[in-house]
Amino acid sequence: MLCFMGILLFILWLFQTVYLDTFYKNIKTNELEAALSHVETMSLDEDFSQAVETIAESYDVCILVTDFEGNMLFSAEKNMNCAVHKLPAGELIRLMEKAGDGSVIKIKNNFGLSFDKGMGNKDKRPDKFEDKMNIPPNDEYESMMLVKIITLKDGTRCAAFLNSIISPVSATVYTLRIQLIYISVIMVAIALVMAVVIAVKVSKPIININNTAKKMAEGDYNIEYDMGSYREISELSKTLNYTVAELKKTEALQHELIANVSHDLRTPLTMITAYSEIMRDIPGENSPENVQVVIDEANRLTNLVNDMLDISKLQAGVDTLEAKEYNLTAGIKSVIDRYARLVEQYGYKVIFKYAEEDIMVRADEFKIYQVLYNLVNNAINYTGSDKSVIIRQIVNGEIVRIEVMDTGEGIPPEELDNVWERYYKADKKHKREVMGTGLGLSIVKNILKLHDAKYGVLSKPGEGSIFWFELKKI
C-alpha cells in the first residue's frame with residue numbers, strides 16, 4: 001500500500017512541479033492561438049469592438065488592433081504588464097511588415113522573433129529569422145505575442161496583436177508545492193491506516209483459514225471456517241465448510257462401506273464354510289441342495305467383487321463406452337425374464353408398460369442392461385406388500401424415458417440426494433437384500449453420467465419411489 005501510494009505521489013509531484021511550466025505554457029499558447037482565430041472570425045462582425053472585449057475576457061488575453069501606421073483602432077487590456085500595449089508605433093509597424101499578408105508570427109518575451117510553422121501562408125514567410133524586440137523584460141513571467149493581418153467588415157486592413165502570460169507565476173508554483181507536501185503527509189497516513197485495516201480485516205481471516213485448512217489436511221473434520229467480513233472471504237469460508245461437511249459424510253460412508261462389505265463378505269463365506277464342513281463330515285449330506293447353496297453363496301461373492309470392480313473403474317474414469325444402436329424395449333424385456341424364477345417362487349410381479357415397440361437408442365448395451373437390472377433389483381428389494389414393480393417406457397419426441405416404480409415406504413425428501421451413494425439406506429439399517437450387493441444405485445449413477453444421460457428419483461414417504469433416466473431415441 002505504501003509503495004502504491006508512493007508511486008501516486010511521485011507522479012503527482014512530477015506533473016505538478018517538474019512539468020507544470022511545460023503544461024501551462026502549452027495550454028496558454030493554445031488558448032492564445034484560439035483567441036487569435038476567434039478575433040479573425042469576428043473581424044467581419046458589426047460590433048467588432050464589443051467582440052474584442054468579449055474575446056479578451058474569455059481567453060484572459062490582451063488584444064490591440066491597429067492600422068498600418070500604428071494607430072490604435074480597438075483595444076482590450078487585461079494585464080497590467082501587457083507587452084503589446086507598451087510597444088511604440090515603430091515597433092508595431094515593423095511587426096506588421098514581418099507578418100506580411102497572411103502569416104502569424106510568435107514573439108516570446110526577450111527570446112526574439114520567429115514564424116509559427118503550423119499556421120499562416122507558407123509561401124509568404126521565411127523559414128526562420130530573429131529580431132531583437134524592445135520589449136520591457138520581466139523575470140517573473142514569460143509572455144507571448146501573436147501578430148496577424150486581418151480585414152474588417154468595411155474592407156479596412158489592420159493588424160491584430162494578442163499578448164498573454166504563458167508561464168505560471170512563482171506564487172502559484174510555491175502554493176502548489178506547499179499543498180503537495182500536506183497532501184503527501186495525509187496520503188502516507190491514509191496508506192498506513194488502510195494497510196492496518198487490510199491486515200486486520202483481510203489478512204487475518206486468510207491466515208485463520210490457512211491454519212484451519214492445515215488441521216483439515218491432518219484429518220480433523222471437527223472444524224469450522226470463519227466467515228470473515230468480506231464477501232469473497234465469506235464465500236471461500238462457505239465453500240470450505242461445505243467441503244468439510246462432504247468429507248465428514250465421505251468418511252462416514254467409508255466406515256459404513258467397510259462394515260457393509262465385511263458383512264456381505266462374511267455371511268456367504270460363513271455359509272460356504274458351514275455347508276462344506278457338513279458335506280465333508282456328515283455322510284449323505286453331499287446333496288444337490290447343499291451344493292446349490294454353496295454355489296449361490298459363491299455367486300453372491302462373485303457379484304459383490306464384480307460390482308466393486310465396476311464402480312471403482314467408473315469412478316476412476318478408466319471405463320469406456322462401447323456405444324451402438326440396439327433395441328431398448330427388447331433389453332428391458334430380457335431384464336424382466338431374468339427375474340422369472342423370483343416371480344415364480346416368491347410371488348413378485350414385474351409389469352412392463354409401453355406404447356411403442358422396438359425403441360432404438362445409441363448406447364452401451366451391456367452398461368444400460370446393468371442400469372436396468374440394478375433399478376429393478378432395487379425396486380424388488382424395497383417394494384411394498386403387494387410385491388409389485390412397474391416399469392414404464394415413455395416416449396416424448398426424441399427422448400425415451402424409463403421409469404422403475406415400487407410401492408414401498410418411499411424416501412424422505414432430505415434423503416433423496418443420498419440414495420445414489422454406495423451402501424446408503426434411508427433407514428440406516430443394513431439388511432441383506434433379496435438380491436444384489438448394495439452398490440447398484442451407485443453403479444447406475446456413474447453409468448448414466450458416462451452416457452451424459454439425465455436421471456433422478458421421485459419419492460414421497462408412504463407412496464413408493466420412481467427411479468428414472470432418459471436417453472435419446474434414434
# chains A, B, ... in the order shown; residues from 1 in each chain; ligands from 1

call {"tool": "residues_around", "arguments": {"residues": "region 45-51 of chain A", "least_positions_apart": "6", "cutoff": "8 Å", "atoms": "only C-alpha atoms", "output": "number ranges by chain"}}
result
A: 39, 74-75, 152-153

call {"tool": "residues_around", "arguments": {"residues": "Pro412 (chain A)", "least_positions_apart": "3", "cutoff": "10 Å", "atoms": "only C-alpha atoms", "output": "list of chain:residue names"}}
result
A:Glu409, A:Glu415, A:Leu416, A:Ala426, A:Ser459, A:Lys460, A:Pro461, A:Gly462

call {"tool": "write_last_selection", "arguments": {"atoms": "C-alpha atoms", "output": "PDB file, in the first residue's frame"}}
result
ATOM      1  CA  GLU A 409     -42.277 -46.874   2.116  1.00  0.00           C
ATOM      2  CA  GLU A 415     -32.557 -38.162   1.804  1.00  0.00           C
ATOM      3  CA  LEU A 416     -33.195 -38.165  -1.967  1.00  0.00           C
ATOM      4  CA  ALA A 426     -32.780 -44.411   4.281  1.00  0.00           C
ATOM      5  CA  SER A 459     -40.486 -40.266  -3.918  1.00  0.00           C
ATOM      6  CA  LYS A 460     -42.795 -39.396  -1.057  1.00  0.00           C
ATOM      7  CA  PRO A 461     -42.893 -41.199   2.281  1.00  0.00           C
ATOM      8  CA  GLY A 462     -45.582 -43.901   2.185  1.00  0.00           C
TER       9      GLY A 462
END

call {"tool": "select_by_dssp", "arguments": {"residues": "region 170-314 of chain A", "states": "alpha helix (DSSP H)", "output": "count of residues only"}}
result
121

call {"tool": "residues_around", "arguments": {"residues": "Thr17 (chain A)", "least_positions_apart": "5", "cutoff": "12 Å", "atoms": "only C-alpha atoms", "output": "list in words"}}
result
Leu9, Phe10, Ile11, Leu12, Thr22, Phe23, Tyr24, Pro168, Ser170, Thr172, Val173, Tyr174, Thr175, Leu176, Arg177, Ile178, Gln179, Leu180 and Ile181 of chain A

call {"tool": "residues_around", "arguments": {"residues": "region 94-96 of chain A", "least_positions_apart": "5", "cutoff": "9 Å", "atoms": "only C-alpha atoms", "output": "list in words"}}
result
Phe68, Ala89, Asp101, Ile105, Val147, Lys148, Ile149, Cys158, Ala159 and Ala160 of chain A

call {"tool": "write_last_selection", "arguments": {"atoms": "N, CA, C and O atoms", "output": "mmCIF file, in the first residue's frame"}}
result
data_model
loop_
_atom_site.group_PDB
_atom_site.id
_atom_site.type_symbol
_atom_site.label_atom_id
_atom_site.label_comp_id
_atom_site.auth_asym_id
_atom_site.auth_seq_id
_atom_site.Cartn_x
_atom_site.Cartn_y
_atom_site.Cartn_z
ATOM 1 N N PHE A 68 -2.106 50.369 -40.295
ATOM 2 C CA PHE A 68 -0.734 50.127 -40.744
ATOM 3 C C PHE A 68 0.229 51.236 -40.321
ATOM 4 O O PHE A 68 1.431 51.127 -40.569
ATOM 5 N N ALA A 89 4.940 52.868 -31.717
ATOM 6 C CA ALA A 89 4.321 52.696 -33.037
ATOM 7 C C ALA A 89 5.305 52.099 -34.028
ATOM 8 O O ALA A 89 4.938 51.276 -34.880
ATOM 9 N N ASP A 101 1.035 39.335 -45.420
ATOM 10 C CA ASP A 101 -0.400 39.358 -45.706
ATOM 11 C C ASP A 101 -1.181 38.296 -44.950
ATOM 12 O O ASP A 101 -2.333 38.503 -44.594
ATOM 13 N N ILE A 105 2.925 35.457 -36.671
ATOM 14 C CA ILE A 105 4.222 35.403 -36.033
ATOM 15 C C ILE A 105 4.057 35.309 -34.531
ATOM 16 O O ILE A 105 3.089 35.833 -33.973
ATOM 17 N N VAL A 147 0.870 38.027 -33.867
ATOM 18 C CA VAL A 147 0.549 39.140 -34.760
ATOM 19 C C VAL A 147 0.027 38.582 -36.074
ATOM 20 O O VAL A 147 0.615 37.644 -36.634
ATOM 21 N N LYS A 148 -1.093 39.159 -36.553
ATOM 22 C CA LYS A 148 -1.638 38.735 -37.843
ATOM 23 C C LYS A 148 -2.406 39.884 -38.484
ATOM 24 O O LYS A 148 -3.060 40.667 -37.792
ATOM 25 N N ILE A 149 -2.321 39.963 -39.807
ATOM 26 C CA ILE A 149 -3.056 40.970 -40.567
ATOM 27 C C ILE A 149 -4.470 40.453 -40.790
ATOM 28 O O ILE A 149 -4.658 39.314 -41.244
ATOM 29 N N CYS A 158 -5.962 45.847 -41.258
ATOM 30 C CA CYS A 158 -5.347 46.240 -39.999
ATOM 31 C C CYS A 158 -4.581 45.056 -39.413
ATOM 32 O O CYS A 158 -4.620 43.948 -39.941
ATOM 33 N N ALA A 159 -3.908 45.306 -38.302
ATOM 34 C CA ALA A 159 -3.103 44.259 -37.647
ATOM 35 C C ALA A 159 -3.673 43.967 -36.268
ATOM 36 O O ALA A 159 -4.036 44.892 -35.526
ATOM 37 N N ALA A 160 -3.755 42.658 -35.933
ATOM 38 C CA ALA A 160 -4.229 42.228 -34.616
ATOM 39 C C ALA A 160 -3.043 41.717 -33.816
ATOM 40 O O ALA A 160 -2.299 40.837 -34.269
#

call {"tool": "atom_distance", "arguments": {"atom1": "CA of Val335 (chain A)", "atom2": "CA of Leu321 (chain A)"}}
result
20.1 Å

call {"tool": "atom_distance", "arguments": {"atom1": "CA of Leu471 (chain A)", "atom2": "CA of Glu398 (chain A)"}}
result
8.6 Å

call {"tool": "atom_distance", "arguments": {"atom1": "CA of Ala252 (chain A)", "atom2": "CA of Ala453 (chain A)"}}
result
28.7 Å

call {"tool": "closest_residue", "arguments": {"among": "A:Lys367, A:Glu97, A:Gly6, A:Asp386", "to": "Asp310 (chain A)", "atoms": "only C-alpha atoms"}}
result
A:Lys367

call {"tool": "residues_around", "arguments": {"residues": "region 356-358 of chain A", "least_positions_apart": "6", "cutoff": "7 Å", "atoms": "only C-alpha atoms", "output": "PyMOL selection string"}}
result
chain A and resi 327-330

call {"tool": "write_last_selection", "arguments": {"atoms": "C-alpha atoms", "output": "mmCIF file, in the first residue's frame"}}
result
data_model
loop_
_atom_site.group_PDB
_atom_site.id
_atom_site.type_symbol
_atom_site.label_atom_id
_atom_site.label_comp_id
_atom_site.auth_asym_id
_atom_site.auth_seq_id
_atom_site.Cartn_x
_atom_site.Cartn_y
_atom_site.Cartn_z
ATOM 1 C CA ASN A 327 -33.393 -52.251 -29.175
ATOM 2 C CA LEU A 328 -34.041 -50.757 -25.717
ATOM 3 C CA THR A 329 -37.503 -52.322 -25.460
ATOM 4 C CA ALA A 330 -36.079 -55.788 -26.051
#

call {"tool": "closest_residue", "arguments": {"among": "A:Asp307, A:Asn377, A:Glu277, A:Leu450", "to": "Ala363 (chain A)", "atoms": "only C-alpha atoms"}}
result
A:Leu450

call {"tool": "select_by_dssp", "arguments": {"residues": "region 235-349 of chain A", "states": "strand (DSSP E)", "output": "ChimeraX atom specification"}}
result
/A:324-327,349
